[in-house]
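**Student:** Sharing coords02.pdb here; it has PDB, C-alpha atoms and all ligand atoms.
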ATOM      1  CA  MET A  23      30.075  27.800  -1.578
ATOM      2  CA  SER A  24      27.931  24.700  -1.133
ATOM      3  CA  ARG A  25      25.415  23.918  -3.833
ATOM      4  CA  SER A  26      22.089  22.240  -3.192
ATOM      5  CA  PRO A  27      22.110  18.557  -4.178
ATOM      6  CA  ARG A  28      21.167  17.729  -7.755
ATOM      7  CA  ALA A  29      19.972  14.336  -8.901
ATOM      8  CA  PHE A  30      18.831  13.267 -12.372
ATOM      9  CA  VAL A  31      16.929  10.771 -14.431
ATOM     10  CA  MET A  32      18.649  10.038 -17.715
ATOM     11  CA  GLY A  33      17.257   8.276 -20.754
ATOM     12  CA  HIS A  34      16.589   8.729 -24.442
ATOM     13  CA  PRO A  35      13.821   9.695 -24.954
ATOM     14  CA  ILE A  36      12.963  10.865 -21.445
ATOM     15  CA  LYS A  37      10.201  13.439 -21.657
ATOM     16  CA  HIS A  38       7.462  10.949 -20.658
ATOM     17  CA  SER A  39       9.218   9.961 -17.425
ATOM     18  CA  ARG A  40       7.110  10.349 -14.291
ATOM     19  CA  SER A  41      10.163  10.150 -12.005
ATOM     20  CA  PRO A  42      10.557  13.969 -11.769
ATOM     21  CA  MET A  43       6.974  14.254 -10.508
ATOM     22  CA  LEU A  44       7.600  11.549  -7.958
ATOM     23  CA  HIS A  45      10.925  12.845  -6.616
ATOM     24  CA  GLY A  46       9.718  16.453  -6.864
ATOM     25  CA  TYR A  47       6.784  15.528  -4.630
ATOM     26  CA  TRP A  48       9.129  14.081  -1.996
ATOM     27  CA  LEU A  49      11.535  17.020  -2.173
ATOM     28  CA  ASP A  50       8.603  19.379  -1.479
ATOM     29  CA  HIS A  51       7.002  17.136   1.086
ATOM     30  CA  TYR A  52      10.178  16.779   3.171
ATOM     31  CA  GLY A  53      11.235  20.417   2.629
ATOM     32  CA  ILE A  54      14.549  19.397   1.075
ATOM     33  CA  GLU A  55      16.463  21.967  -0.899
ATOM     34  CA  GLY A  56      17.580  20.029  -3.941
ATOM     35  CA  SER A  57      16.559  19.128  -7.462
ATOM     36  CA  TYR A  58      15.793  16.118  -9.611
ATOM     37  CA  GLU A  59      16.397  16.904 -13.262
ATOM     38  CA  MET A  60      15.429  15.232 -16.498
ATOM     39  CA  LEU A  61      18.359  14.572 -18.860
ATOM     40  CA  ASP A  62      17.879  13.440 -22.443
ATOM     41  CA  ILE A  63      21.194  11.790 -23.216
ATOM     42  CA  ALA A  64      21.752  10.102 -26.569
ATOM     43  CA  PRO A  65      23.864   6.911 -26.489
ATOM     44  CA  GLU A  66      26.829   8.693 -28.113
ATOM     45  CA  ALA A  67      26.779  11.337 -25.341
ATOM     46  CA  LEU A  68      26.993   8.880 -22.440
ATOM     47  CA  ALA A  69      30.807   8.776 -22.178
ATOM     48  CA  GLY A  70      30.972  12.596 -22.173
ATOM     49  CA  PHE A  71      28.366  12.756 -19.426
ATOM     50  CA  PHE A  72      30.416  10.503 -17.143
ATOM     51  CA  ALA A  73      33.706  12.225 -18.057
ATOM     52  CA  SER A  74      32.417  15.428 -16.438
ATOM     53  CA  TYR A  75      30.339  13.696 -13.739
ATOM     54  CA  ARG A  76      32.489  14.651 -10.730
ATOM     55  CA  GLU A  77      32.945  18.280 -11.630
ATOM     56  CA  THR A  78      29.233  18.721 -12.427
ATOM     57  CA  GLY A  79      28.514  17.720  -8.852
ATOM     58  CA  TRP A  80      25.697  15.234  -9.413
ATOM     59  CA  ILE A  81      24.765  13.370  -6.236
ATOM     60  CA  GLY A  82      23.347  10.551  -8.324
ATOM     61  CA  GLY A  83      20.320   9.662 -10.343
ATOM     62  CA  ASN A  84      18.148   7.182 -12.142
ATOM     63  CA  VAL A  85      19.032   5.506 -15.388
ATOM     64  CA  THR A  86      16.393   4.329 -17.802
ATOM     65  CA  VAL A  87      16.030   2.965 -21.339
ATOM     66  CA  PRO A  88      18.316   2.620 -23.309
ATOM     67  CA  HIS A  89      21.198   3.172 -20.879
ATOM     68  CA  LYS A  90      20.618   0.660 -18.080
ATOM     69  CA  SER A  91      23.397  -1.685 -19.210
ATOM     70  CA  ALA A  92      25.478   0.889 -21.090
ATOM     71  CA  VAL A  93      26.272   2.907 -17.928
ATOM     72  CA  MET A  94      27.904  -0.032 -16.163
ATOM     73  CA  PRO A  95      31.474   0.434 -17.513
ATOM     74  CA  PHE A  96      31.484   4.059 -16.294
ATOM     75  CA  LEU A  97      30.852   3.163 -12.642
ATOM     76  CA  ASP A  98      33.408   2.201  -9.979
ATOM     77  CA  ARG A  99      31.231  -0.510  -8.445
ATOM     78  CA  ILE A 100      28.191  -2.544  -9.443
ATOM     79  CA  ASP A 101      26.029  -3.730  -6.536
ATOM     80  CA  PRO A 102      24.892  -7.391  -6.408
ATOM     81  CA  ALA A 103      21.282  -6.856  -7.606
ATOM     82  CA  ALA A 104      22.477  -4.798 -10.589
ATOM     83  CA  GLU A 105      25.145  -7.395 -11.356
ATOM     84  CA  ALA A 106      22.548 -10.179 -11.262
ATOM     85  CA  MET A 107      20.158  -8.231 -13.485
ATOM     86  CA  GLY A 108      22.864  -6.939 -15.809
ATOM     87  CA  ALA A 109      21.345  -3.471 -15.532
ATOM     88  CA  VAL A 110      21.641  -0.361 -13.346
ATOM     89  CA  ASN A 111      18.725   1.952 -12.565
ATOM     90  CA  THR A 112      20.239   3.928  -9.665
ATOM     91  CA  VAL A 113      23.620   5.678  -9.501
ATOM     92  CA  TYR A 114      24.885   7.035  -6.174
ATOM     93  CA  TRP A 115      28.027   7.899  -4.284
ATOM     94  CA  ASP A 116      29.194   5.495  -1.595
ATOM     95  CA  GLY A 117      31.879   7.739  -0.125
ATOM     96  CA  ASP A 118      34.180   8.322  -3.052
ATOM     97  CA  VAL A 119      32.969   5.317  -4.993
ATOM     98  CA  LEU A 120      30.471   5.855  -7.789
ATOM     99  CA  ALA A 121      28.126   2.885  -7.406
ATOM    100  CA  GLY A 122      25.310   1.429  -9.497
ATOM    101  CA  ASP A 123      22.387  -0.496  -8.048
ATOM    102  CA  ASN A 124      19.142  -1.852  -9.433
ATOM    103  CA  THR A 125      16.029  -1.228  -7.327
ATOM    104  CA  ASP A 126      13.443  -2.439  -9.872
ATOM    105  CA  ALA A 127      13.187  -5.912  -8.321
ATOM    106  CA  LEU A 128      12.750  -4.392  -4.852
ATOM    107  CA  GLY A 129      10.097  -2.071  -6.251
ATOM    108  CA  PHE A 130       8.314  -4.962  -7.910
ATOM    109  CA  MET A 131       8.283  -7.037  -4.726
ATOM    110  CA  HIS A 132       7.268  -4.166  -2.420
ATOM    111  CA  ASN A 133       4.375  -3.369  -4.716
ATOM    112  CA  LEU A 134       3.188  -6.961  -4.651
ATOM    113  CA  ASP A 135       3.501  -7.172  -0.853
ATOM    114  CA  ASP A 136       1.754  -3.835  -0.455
ATOM    115  CA  ARG A 137      -1.175  -4.405  -2.824
ATOM    116  CA  ALA A 138      -1.719  -8.133  -2.258
ATOM    117  CA  PRO A 139      -0.689  -8.786   1.350
ATOM    118  CA  GLY A 140      -0.122 -12.464   2.046
ATOM    119  CA  TRP A 141       0.124 -13.348  -1.660
ATOM    120  CA  GLN A 142       3.167 -15.500  -0.962
ATOM    121  CA  THR A 143       1.501 -17.748   1.605
ATOM    122  CA  GLY A 144       1.693 -21.218   0.083
ATOM    123  CA  ALA A 145       2.961 -19.822  -3.226
ATOM    124  CA  SER A 146       5.790 -21.680  -4.952
ATOM    125  CA  ARG A 147       5.477 -21.040  -8.699
ATOM    126  CA  ALA A 148       5.327 -17.892 -10.783
ATOM    127  CA  VAL A 149       4.904 -17.364 -14.508
ATOM    128  CA  VAL A 150       6.529 -14.222 -15.896
ATOM    129  CA  LEU A 151       5.539 -13.159 -19.406
ATOM    130  CA  GLY A 152       8.360 -11.327 -21.198
ATOM    131  CA  ALA A 153      12.144 -11.390 -21.157
ATOM    132  CA  GLY A 154      13.058  -7.691 -21.293
ATOM    133  CA  GLY A 155      14.092  -5.307 -18.516
ATOM    134  CA  ALA A 156      10.876  -5.503 -16.494
ATOM    135  CA  ALA A 157      10.785  -9.309 -16.713
ATOM    136  CA  ARG A 158      14.374  -9.447 -15.519
ATOM    137  CA  ALA A 159      13.461  -7.422 -12.423
ATOM    138  CA  ALA A 160      10.321  -9.429 -11.678
ATOM    139  CA  ALA A 161      12.047 -12.786 -12.178
ATOM    140  CA  TYR A 162      15.043 -11.778 -10.048
ATOM    141  CA  GLY A 163      12.804 -10.502  -7.248
ATOM    142  CA  LEU A 164      10.687 -13.650  -7.255
ATOM    143  CA  MET A 165      13.603 -16.090  -7.398
ATOM    144  CA  SER A 166      15.242 -14.194  -4.529
ATOM    145  CA  ARG A 167      12.108 -14.979  -2.499
ATOM    146  CA  GLY A 168      12.496 -18.680  -3.302
ATOM    147  CA  LEU A 169       9.804 -19.069  -5.970
ATOM    148  CA  ASP A 170      10.256 -21.223  -9.060
ATOM    149  CA  VAL A 171       9.959 -18.830 -11.976
ATOM    150  CA  ALA A 172       8.881 -19.833 -15.488
ATOM    151  CA  ILE A 173       9.774 -17.190 -18.073
ATOM    152  CA  VAL A 174       7.555 -17.267 -21.144
ATOM    153  CA  ASN A 175       8.429 -15.074 -24.088
ATOM    154  CA  ARG A 176       7.535 -14.619 -27.757
ATOM    155  CA  THR A 177      11.246 -14.851 -28.616
ATOM    156  CA  GLU A 178      12.170 -18.012 -26.769
ATOM    157  CA  ALA A 179      15.922 -17.457 -27.181
ATOM    158  CA  LYS A 180      15.649 -14.322 -25.037
ATOM    159  CA  ALA A 181      13.786 -16.255 -22.338
ATOM    160  CA  GLN A 182      16.524 -18.906 -22.448
ATOM    161  CA  ALA A 183      19.293 -16.330 -22.124
ATOM    162  CA  LEU A 184      17.554 -14.686 -19.162
ATOM    163  CA  ALA A 185      16.873 -17.986 -17.401
ATOM    164  CA  GLN A 186      20.494 -19.018 -17.894
ATOM    165  CA  HIS A 187      21.720 -15.698 -16.572
ATOM    166  CA  LEU A 188      19.535 -15.834 -13.453
ATOM    167  CA  GLY A 189      20.289 -19.493 -12.762
ATOM    168  CA  ARG A 190      18.666 -21.927 -10.344
ATOM    169  CA  GLY A 191      14.909 -21.986 -10.070
ATOM    170  CA  VAL A 192      14.320 -20.077 -13.320
ATOM    171  CA  SER A 193      13.191 -21.889 -16.476
ATOM    172  CA  SER A 194      12.380 -20.676 -19.994
ATOM    173  CA  HIS A 195       9.449 -21.553 -22.220
ATOM    174  CA  SER A 196       7.772 -20.686 -25.492
ATOM    175  CA  LEU A 197       4.239 -19.292 -25.602
ATOM    176  CA  ASP A 198       2.944 -22.790 -26.475
ATOM    177  CA  ALA A 199       3.698 -23.926 -22.928
ATOM    178  CA  LEU A 200       1.707 -21.127 -21.301
ATOM    179  CA  SER A 201      -1.566 -22.932 -20.846
ATOM    180  CA  SER A 202      -0.060 -25.852 -18.903
ATOM    181  CA  LEU A 203       2.191 -23.534 -16.866
ATOM    182  CA  LEU A 204      -0.823 -21.453 -15.806
ATOM    183  CA  GLY A 205      -2.453 -24.490 -14.212
ATOM    184  CA  GLU A 206       0.408 -24.669 -11.681
ATOM    185  CA  ALA A 207       0.975 -20.930 -11.205
ATOM    186  CA  ASP A 208       0.386 -19.111  -7.918
ATOM    187  CA  LEU A 209       1.349 -15.811  -9.532
ATOM    188  CA  LEU A 210       1.093 -14.557 -13.111
ATOM    189  CA  VAL A 211       3.055 -11.458 -14.091
ATOM    190  CA  ASN A 212       2.751  -9.579 -17.351
ATOM    191  CA  ALA A 213       6.178  -8.028 -17.896
ATOM    192  CA  THR A 214       5.772  -7.471 -21.637
ATOM    193  CA  SER A 215       4.834  -4.118 -23.097
ATOM    194  CA  LEU A 216       1.544  -5.604 -24.337
ATOM    195  CA  GLY A 217      -1.521  -3.910 -22.876
ATOM    196  CA  MET A 218       0.206  -0.561 -22.548
ATOM    197  CA  VAL A 219      -1.290   2.450 -24.358
ATOM    198  CA  HIS A 220      -0.345   2.484 -28.052
ATOM    199  CA  GLN A 221       0.609  -1.206 -27.845
ATOM    200  CA  PRO A 222      -1.443  -4.248 -28.851
ATOM    201  CA  PRO A 223      -3.439  -5.892 -26.048
ATOM    202  CA  LEU A 224      -2.141  -8.959 -24.256
ATOM    203  CA  GLN A 225      -4.423 -11.747 -25.401
ATOM    204  CA  ILE A 226      -4.163 -14.860 -23.291
ATOM    205  CA  ASP A 227      -6.707 -17.372 -22.098
ATOM    206  CA  LEU A 228      -6.903 -17.167 -18.315
ATOM    207  CA  SER A 229      -9.231 -20.155 -17.927
ATOM    208  CA  PRO A 230      -6.393 -22.626 -17.122
ATOM    209  CA  LEU A 231      -4.958 -20.318 -14.414
ATOM    210  CA  LYS A 232      -4.888 -21.938 -10.970
ATOM    211  CA  ALA A 233      -7.738 -20.763  -8.752
ATOM    212  CA  GLY A 234      -6.432 -18.372  -6.116
ATOM    213  CA  ALA A 235      -3.494 -17.176  -8.236
ATOM    214  CA  THR A 236      -2.549 -13.505  -8.003
ATOM    215  CA  VAL A 237      -2.227 -11.588 -11.279
ATOM    216  CA  CYS A 238       0.147  -8.675 -11.599
ATOM    217  CA  ASP A 239       0.863  -6.323 -14.490
ATOM    218  CA  VAL A 240       3.987  -4.151 -14.665
ATOM    219  CA  VAL A 241       2.198  -1.907 -17.163
ATOM    220  CA  TYR A 242       0.672   1.141 -15.437
ATOM    221  CA  VAL A 243      -0.714   3.114 -18.362
ATOM    222  CA  PRO A 244      -3.562   2.226 -18.294
ATOM    223  CA  LEU A 245      -3.787   1.499 -14.579
ATOM    224  CA  GLU A 246      -6.228  -1.308 -15.180
ATOM    225  CA  THR A 247      -5.111  -3.314 -18.187
ATOM    226  CA  ASP A 248      -7.376  -5.783 -19.996
ATOM    227  CA  LEU A 249      -5.396  -8.557 -18.301
ATOM    228  CA  LEU A 250      -6.176  -7.210 -14.831
ATOM    229  CA  ARG A 251      -9.810  -6.588 -15.708
ATOM    230  CA  SER A 252     -10.281 -10.168 -16.968
ATOM    231  CA  ALA A 253      -8.391 -11.610 -14.007
ATOM    232  CA  LYS A 254     -10.534  -9.631 -11.575
ATOM    233  CA  ALA A 255     -13.694 -10.806 -13.337
ATOM    234  CA  ARG A 256     -12.497 -14.401 -12.842
ATOM    235  CA  GLY A 257     -12.041 -13.763  -9.114
ATOM    236  CA  HIS A 258      -8.236 -13.390  -9.009
ATOM    237  CA  ARG A 259      -6.465 -10.856  -6.850
ATOM    238  CA  THR A 260      -4.819  -8.222  -9.067
ATOM    239  CA  VAL A 261      -1.930  -5.777  -8.722
ATOM    240  CA  ASP A 262      -1.182  -2.947 -11.144
ATOM    241  CA  GLY A 263       2.274  -1.634 -12.082
ATOM    242  CA  LEU A 264       2.160   1.869 -10.597
ATOM    243  CA  GLY A 265       3.410   0.825  -7.179
ATOM    244  CA  MET A 266       6.511  -0.749  -8.732
ATOM    245  CA  LEU A 267       7.456   2.670 -10.083
ATOM    246  CA  LEU A 268       6.780   4.316  -6.712
ATOM    247  CA  HIS A 269       8.641   1.763  -4.602
ATOM    248  CA  GLN A 270      11.722   1.441  -6.829
ATOM    249  CA  ALA A 271      12.312   5.167  -6.250
ATOM    250  CA  VAL A 272      12.518   4.986  -2.435
ATOM    251  CA  VAL A 273      16.077   3.650  -2.154
ATOM    252  CA  GLY A 274      17.530   6.157  -4.628
ATOM    253  CA  PHE A 275      15.887   9.148  -2.931
ATOM    254  CA  SER A 276      17.116   7.996   0.444
ATOM    255  CA  ARG A 277      20.707   7.573  -0.806
ATOM    256  CA  TRP A 278      20.789  10.965  -2.545
ATOM    257  CA  PHE A 279      18.889  13.151  -0.115
ATOM    258  CA  GLY A 280      19.316  11.302   3.209
ATOM    259  CA  VAL A 281      15.602  10.840   3.943
ATOM    260  CA  THR A 282      13.739   7.584   3.384
ATOM    261  CA  PRO A 283      10.517   8.739   1.762
ATOM    262  CA  GLU A 284       7.134   7.143   2.202
ATOM    263  CA  VAL A 285       4.926   5.840  -0.585
ATOM    264  CA  THR A 286       1.612   7.328   0.496
ATOM    265  CA  GLY A 287      -1.915   7.196  -0.872
ATOM    266  CA  GLU A 288      -1.610  10.908  -1.650
ATOM    267  CA  LEU A 289       1.447  10.308  -3.844
ATOM    268  CA  ARG A 290      -0.226   7.430  -5.624
ATOM    269  CA  THR A 291      -3.313   9.560  -6.284
ATOM    270  CA  LEU A 292      -1.124  12.335  -7.729
ATOM    271  CA  LEU A 293       0.377   9.936 -10.252
ATOM    272  CA  GLU A 294      -2.946   8.263 -11.009
ATOM    273  CA  GLU A 295      -4.413  11.684 -11.828
ATOM    274  CA  ASP A 296      -1.484  12.493 -14.089
ATOM    275  CA  ILE A 297      -1.850   9.172 -15.913
ATOM    276  CA  ARG A 298      -5.580   9.738 -16.398
ATOM    277  CA  ALA A 299      -5.071  13.349 -17.537
ATOM    278  CA  LYS A 300      -2.446  12.417 -20.118
ATOM    279  CA  SER A 301      -4.057   9.171 -21.273
ATOM    280  CA  PRO A 302      -7.828   9.697 -21.066
ATOM    281  CA  GLY A 303      -9.587   6.425 -20.468
ATOM    282  CA  ALA A 304      -6.600   5.016 -18.580
TER
HETATM  283  N1  LIG A 401       5.952  -0.477 -13.334
HETATM  284  C1  LIG A 401       7.211  -0.141 -13.523
HETATM  285  O1  LIG A 401       7.879   0.457 -12.678
HETATM  286  C2  LIG A 401       7.870  -0.547 -14.794
HETATM  287  C3  LIG A 401       9.267  -0.658 -14.874
HETATM  288  C4  LIG A 401       9.834  -1.039 -16.083
HETATM  289  C5  LIG A 401       9.021  -1.295 -17.173
HETATM  290  N2  LIG A 401       7.679  -1.177 -17.056
HETATM  291  C6  LIG A 401       6.795  -1.481 -18.190
HETATM  292  O2  LIG A 401       7.057  -2.822 -18.566
HETATM  293  C7  LIG A 401       6.836  -2.983 -19.954
HETATM  294  C8  LIG A 401       8.032  -3.691 -20.545
HETATM  295  O3  LIG A 401       9.169  -2.851 -20.419
HETATM  296  P1  LIG A 401      10.640  -3.403 -20.688
HETATM  297  O4  LIG A 401      11.570  -2.324 -20.336
HETATM  298  O5  LIG A 401      10.813  -4.754 -20.093
HETATM  299  O6  LIG A 401      10.592  -3.575 -22.289
HETATM  300  P2  LIG A 401      11.543  -4.441 -23.199
HETATM  301  O7  LIG A 401      12.857  -4.683 -22.530
HETATM  302  O8  LIG A 401      11.517  -3.805 -24.540
HETATM  303  O9  LIG A 401      10.792  -5.871 -23.303
HETATM  304  C9  LIG A 401       9.550  -5.968 -23.952
HETATM  305  C10 LIG A 401       8.994  -7.385 -23.789
HETATM  306  O10 LIG A 401       7.691  -7.395 -24.364
HETATM  307  C11 LIG A 401       7.618  -8.427 -25.347
HETATM  308  N3  LIG A 401       6.762  -7.999 -26.468
HETATM  309  C12 LIG A 401       6.736  -6.778 -27.054
HETATM  310  N4  LIG A 401       5.836  -6.767 -28.067
HETATM  311  C13 LIG A 401       5.302  -8.025 -28.113
HETATM  312  C14 LIG A 401       4.329  -8.641 -28.934
HETATM  313  N5  LIG A 401       3.709  -7.969 -29.937
HETATM  314  N6  LIG A 401       4.006  -9.941 -28.695
HETATM  315  C15 LIG A 401       4.614 -10.632 -27.693
HETATM  316  N7  LIG A 401       5.559 -10.094 -26.880
HETATM  317  C16 LIG A 401       5.893  -8.811 -27.094
HETATM  318  C17 LIG A 401       9.029  -8.618 -25.828
HETATM  319  O11 LIG A 401       9.151  -9.888 -26.419
HETATM  320  P3  LIG A 401      10.330 -10.220 -27.467
HETATM  321  O12 LIG A 401      11.535 -10.532 -26.635
HETATM  322  O13 LIG A 401       9.824 -11.368 -28.221
HETATM  323  O14 LIG A 401      10.522  -8.984 -28.311
HETATM  324  C18 LIG A 401       9.802  -8.462 -24.513
HETATM  325  O15 LIG A 401       9.762  -9.649 -23.773
HETATM  326  C19 LIG A 401       6.585  -1.583 -20.505
HETATM  327  O16 LIG A 401       5.207  -1.403 -20.641
HETATM  328  C20 LIG A 401       7.118  -0.666 -19.433
HETATM  329  O17 LIG A 401       6.438   0.579 -19.384
HETATM  330  C21 LIG A 401       7.085  -0.827 -15.889
END
Can you turn what I pasted into structure tokens?

**Tutor:**
Amino acid sequence: MSRSPRAFVMGHPIKHSRSPMLHGYWLDHYGIEGSYEMLDIAPEALAGFFASYRETGWIGGNVTVPHKSAVMPFLDRIDPAAEAMGAVNTVYWDGDVLAGDNTDALGFMHNLDDRAPGWQTGASRAVVLGAGGAARAAAYGLMSRGLDVAIVNRTEAKAQALAQHLGRGVSSHSLDALSSLLGEADLLVNATSLGMVHQPPLQIDLSPLKAGATVCDVVYVPLETDLLRSAKARGHRTVDGLGMLLHQAVVGFSRWFGVTPEVTGELRTLLEEDIRAKSPGA
């Protein structure tokens, strides 16, 4: 008896994840019989989950905080992007091989290309604020496109470790260096959690930012952060973080369910409405 394909998103906690809404929309839209389930897995339960992985029949899934690095030893193969980022967000079968990839950098870049077409024309330098998971994805995506990336983080040691890990073209800096880095930047990315609901705002002076620079926030609740609002008011092109979430999901869905889904305006509106309903004012 064949069962319909089941995929998952695992994390701890997980109940706020919007991935089920996103993949559920595509399953409906393409008339695919299958499911995408939310799994709250505590760190101590991870080994047990993978021990029974084959017999449970999962076709794959997404991995989120705090398991993105912890799942790596349980997989047969780590794909190059996941290896470079030291984190897996997508698990899938490649034949009989259980593989782990990371599509966050792809999602970040597709969002930028989609929302700010032509942003890269003449661009050579990016400043990425933060040195956590989102910063890792943004910095990897940008360095892969040949940009020089300056990572600026409150905890400079973390910026140094990330820059060292990513290698050529990526440098690390303390917050004190921000003002002079902004003067040379063609792209500014907020990849900290600052500006997100229930977090302090990101307070930086945008006046030194190079004219014509694009400003991008990975935060998507609220959709328009204070950073984006101020950047827009100063005449910069801005990109919010929602599209990164939408685009990172495309590759996983296609590997699990065999259809490459489209990121449409209708899908984006669905998620925007959900964000606004759950976080009034966002
Ligand atoms: N759009 C998307 O698809 C997407 C994907 C992933 C994440 N995100 C969003 O990206 C944000 C970051 O997520 P993450 O997974 O990268 O988190 P993370 O790994 O915990 O990293 C958080 C980063 O924010 C910095 N930070 C936190 N509080 C700060 C403060 N008070 N002052 C200065 N810096 C501070 C941290 O600096 P220290 O190193 O000094 O602590 C660190 O660099 C979250 O809002 C998340 O929702 C969006």

**Student:** Could you tell me which residues the PyMOL selection byres (((chain A and resi 58) around 10) and not hetatm) returns for this structure, as JSON, numbers by chain?

**Tutor:** {"A": [27, 28, 29, 30, 31, 41, 42, 43, 44, 45, 46, 49, 56, 57, 59, 60, 61, 80, 81, 82, 83, 84, 275]}

**Student:** Sorted by chain and rising residue number, which residues of segment 211-250 of chain A lie within 10 Å of segment 160-177 of chain A, and what are their closest atom pairs and distances in Å to one decimal, counting only C-alpha atoms, as CSV?

**Tutor:**
residue,atom,partner,partner_atom,distance
A:Val211,CA,A:Ala160,CA,7.9
A:Asn212,CA,A:Ala160,CA,9.5
A:Ala213,CA,A:Ala160,CA,7.6
A:Thr214,CA,A:Asn175,CA,8.4
A:Val240,CA,A:Ala160,CA,8.8

**Student:** Could you report the residues within 8 Å of ligand LIG 401 (chain A), using only C-alpha atoms and all ligand atoms, as a PDB file with C-alpha atoms, in the frame of the given file?

**Tutor:**
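Listed below is the output, pocket24.pdb:
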ATOM      1  CA  VAL A  87      16.030   2.965 -21.339  1.00  0.00           C
ATOM      2  CA  ASP A 126      13.443  -2.439  -9.872  1.00  0.00           C
ATOM      3  CA  GLY A 129      10.097  -2.071  -6.251  1.00  0.00           C
ATOM      4  CA  PHE A 130       8.314  -4.962  -7.910  1.00  0.00           C
ATOM      5  CA  LEU A 151       5.539 -13.159 -19.406  1.00  0.00           C
ATOM      6  CA  GLY A 152       8.360 -11.327 -21.198  1.00  0.00           C
ATOM      7  CA  ALA A 153      12.144 -11.390 -21.157  1.00  0.00           C
ATOM      8  CA  GLY A 154      13.058  -7.691 -21.293  1.00  0.00           C
ATOM      9  CA  GLY A 155      14.092  -5.307 -18.516  1.00  0.00           C
ATOM     10  CA  ALA A 156      10.876  -5.503 -16.494  1.00  0.00           C
ATOM     11  CA  ALA A 157      10.785  -9.309 -16.713  1.00  0.00           C
ATOM     12  CA  ARG A 158      14.374  -9.447 -15.519  1.00  0.00           C
ATOM     13  CA  ASN A 175       8.429 -15.074 -24.088  1.00  0.00           C
ATOM     14  CA  ARG A 176       7.535 -14.619 -27.757  1.00  0.00           C
ATOM     15  CA  THR A 177      11.246 -14.851 -28.616  1.00  0.00           C
ATOM     16  CA  GLU A 178      12.170 -18.012 -26.769  1.00  0.00           C
ATOM     17  CA  LYS A 180      15.649 -14.322 -25.037  1.00  0.00           C
ATOM     18  CA  ALA A 181      13.786 -16.255 -22.338  1.00  0.00           C
ATOM     19  CA  ALA A 213       6.178  -8.028 -17.896  1.00  0.00           C
ATOM     20  CA  THR A 214       5.772  -7.471 -21.637  1.00  0.00           C
ATOM     21  CA  SER A 215       4.834  -4.118 -23.097  1.00  0.00           C
ATOM     22  CA  LEU A 216       1.544  -5.604 -24.337  1.00  0.00           C
ATOM     23  CA  GLY A 217      -1.521  -3.910 -22.876  1.00  0.00           C
ATOM     24  CA  MET A 218       0.206  -0.561 -22.548  1.00  0.00           C
ATOM     25  CA  GLN A 221       0.609  -1.206 -27.845  1.00  0.00           C
ATOM     26  CA  PRO A 222      -1.443  -4.248 -28.851  1.00  0.00           C
ATOM     27  CA  LEU A 224      -2.141  -8.959 -24.256  1.00  0.00           C
ATOM     28  CA  ASP A 239       0.863  -6.323 -14.490  1.00  0.00           C
ATOM     29  CA  VAL A 240       3.987  -4.151 -14.665  1.00  0.00           C
ATOM     30  CA  VAL A 241       2.198  -1.907 -17.163  1.00  0.00           C
ATOM     31  CA  TYR A 242       0.672   1.141 -15.437  1.00  0.00           C
ATOM     32  CA  VAL A 243      -0.714   3.114 -18.362  1.00  0.00           C
ATOM     33  CA  ASP A 262      -1.182  -2.947 -11.144  1.00  0.00           C
ATOM     34  CA  GLY A 263       2.274  -1.634 -12.082  1.00  0.00           C
ATOM     35  CA  LEU A 264       2.160   1.869 -10.597  1.00  0.00           C
ATOM     36  CA  GLY A 265       3.410   0.825  -7.179  1.00  0.00           C
ATOM     37  CA  MET A 266       6.511  -0.749  -8.732  1.00  0.00           C
ATOM     38  CA  LEU A 267       7.456   2.670 -10.083  1.00  0.00           C
ATOM     39  CA  LEU A 268       6.780   4.316  -6.712  1.00  0.00           C
ATOM     40  CA  GLN A 270      11.722   1.441  -6.829  1.00  0.00           C
TER      41      GLN A 270
END

**Student:** Around (15.0, -2.5, -5.7) in the file's frame, which residues reach within 10 Å when counting only C-alpha atoms? Return as a PDB file with C-alpha atoms, in the coordinates of the input?

**Tutor:**
ATOM      1  CA  ALA A 103      21.282  -6.856  -7.606  1.00  0.00           C
ATOM      2  CA  ALA A 104      22.477  -4.798 -10.589  1.00  0.00           C
ATOM      3  CA  ASN A 111      18.725   1.952 -12.565  1.00  0.00           C
ATOM      4  CA  THR A 112      20.239   3.928  -9.665  1.00  0.00           C
ATOM      5  CA  ASP A 123      22.387  -0.496  -8.048  1.00  0.00           C
ATOM      6  CA  ASN A 124      19.142  -1.852  -9.433  1.00  0.00           C
ATOM      7  CA  THR A 125      16.029  -1.228  -7.327  1.00  0.00           C
ATOM      8  CA  ASP A 126      13.443  -2.439  -9.872  1.00  0.00           C
ATOM      9  CA  ALA A 127      13.187  -5.912  -8.321  1.00  0.00           C
ATOM     10  CA  LEU A 128      12.750  -4.392  -4.852  1.00  0.00           C
ATOM     11  CA  GLY A 129      10.097  -2.071  -6.251  1.00  0.00           C
ATOM     12  CA  PHE A 130       8.314  -4.962  -7.910  1.00  0.00           C
ATOM     13  CA  MET A 131       8.283  -7.037  -4.726  1.00  0.00           C
ATOM     14  CA  HIS A 132       7.268  -4.166  -2.420  1.00  0.00           C
ATOM     15  CA  ALA A 159      13.461  -7.422 -12.423  1.00  0.00           C
ATOM     16  CA  GLY A 163      12.804 -10.502  -7.248  1.00  0.00           C
ATOM     17  CA  MET A 266       6.511  -0.749  -8.732  1.00  0.00           C
ATOM     18  CA  HIS A 269       8.641   1.763  -4.602  1.00  0.00           C
ATOM     19  CA  GLN A 270      11.722   1.441  -6.829  1.00  0.00           C
ATOM     20  CA  ALA A 271      12.312   5.167  -6.250  1.00  0.00           C
ATOM     21  CA  VAL A 272      12.518   4.986  -2.435  1.00  0.00           C
ATOM     22  CA  VAL A 273      16.077   3.650  -2.154  1.00  0.00           C
ATOM     23  CA  GLY A 274      17.530   6.157  -4.628  1.00  0.00           C
TER      24      GLY A 274
END
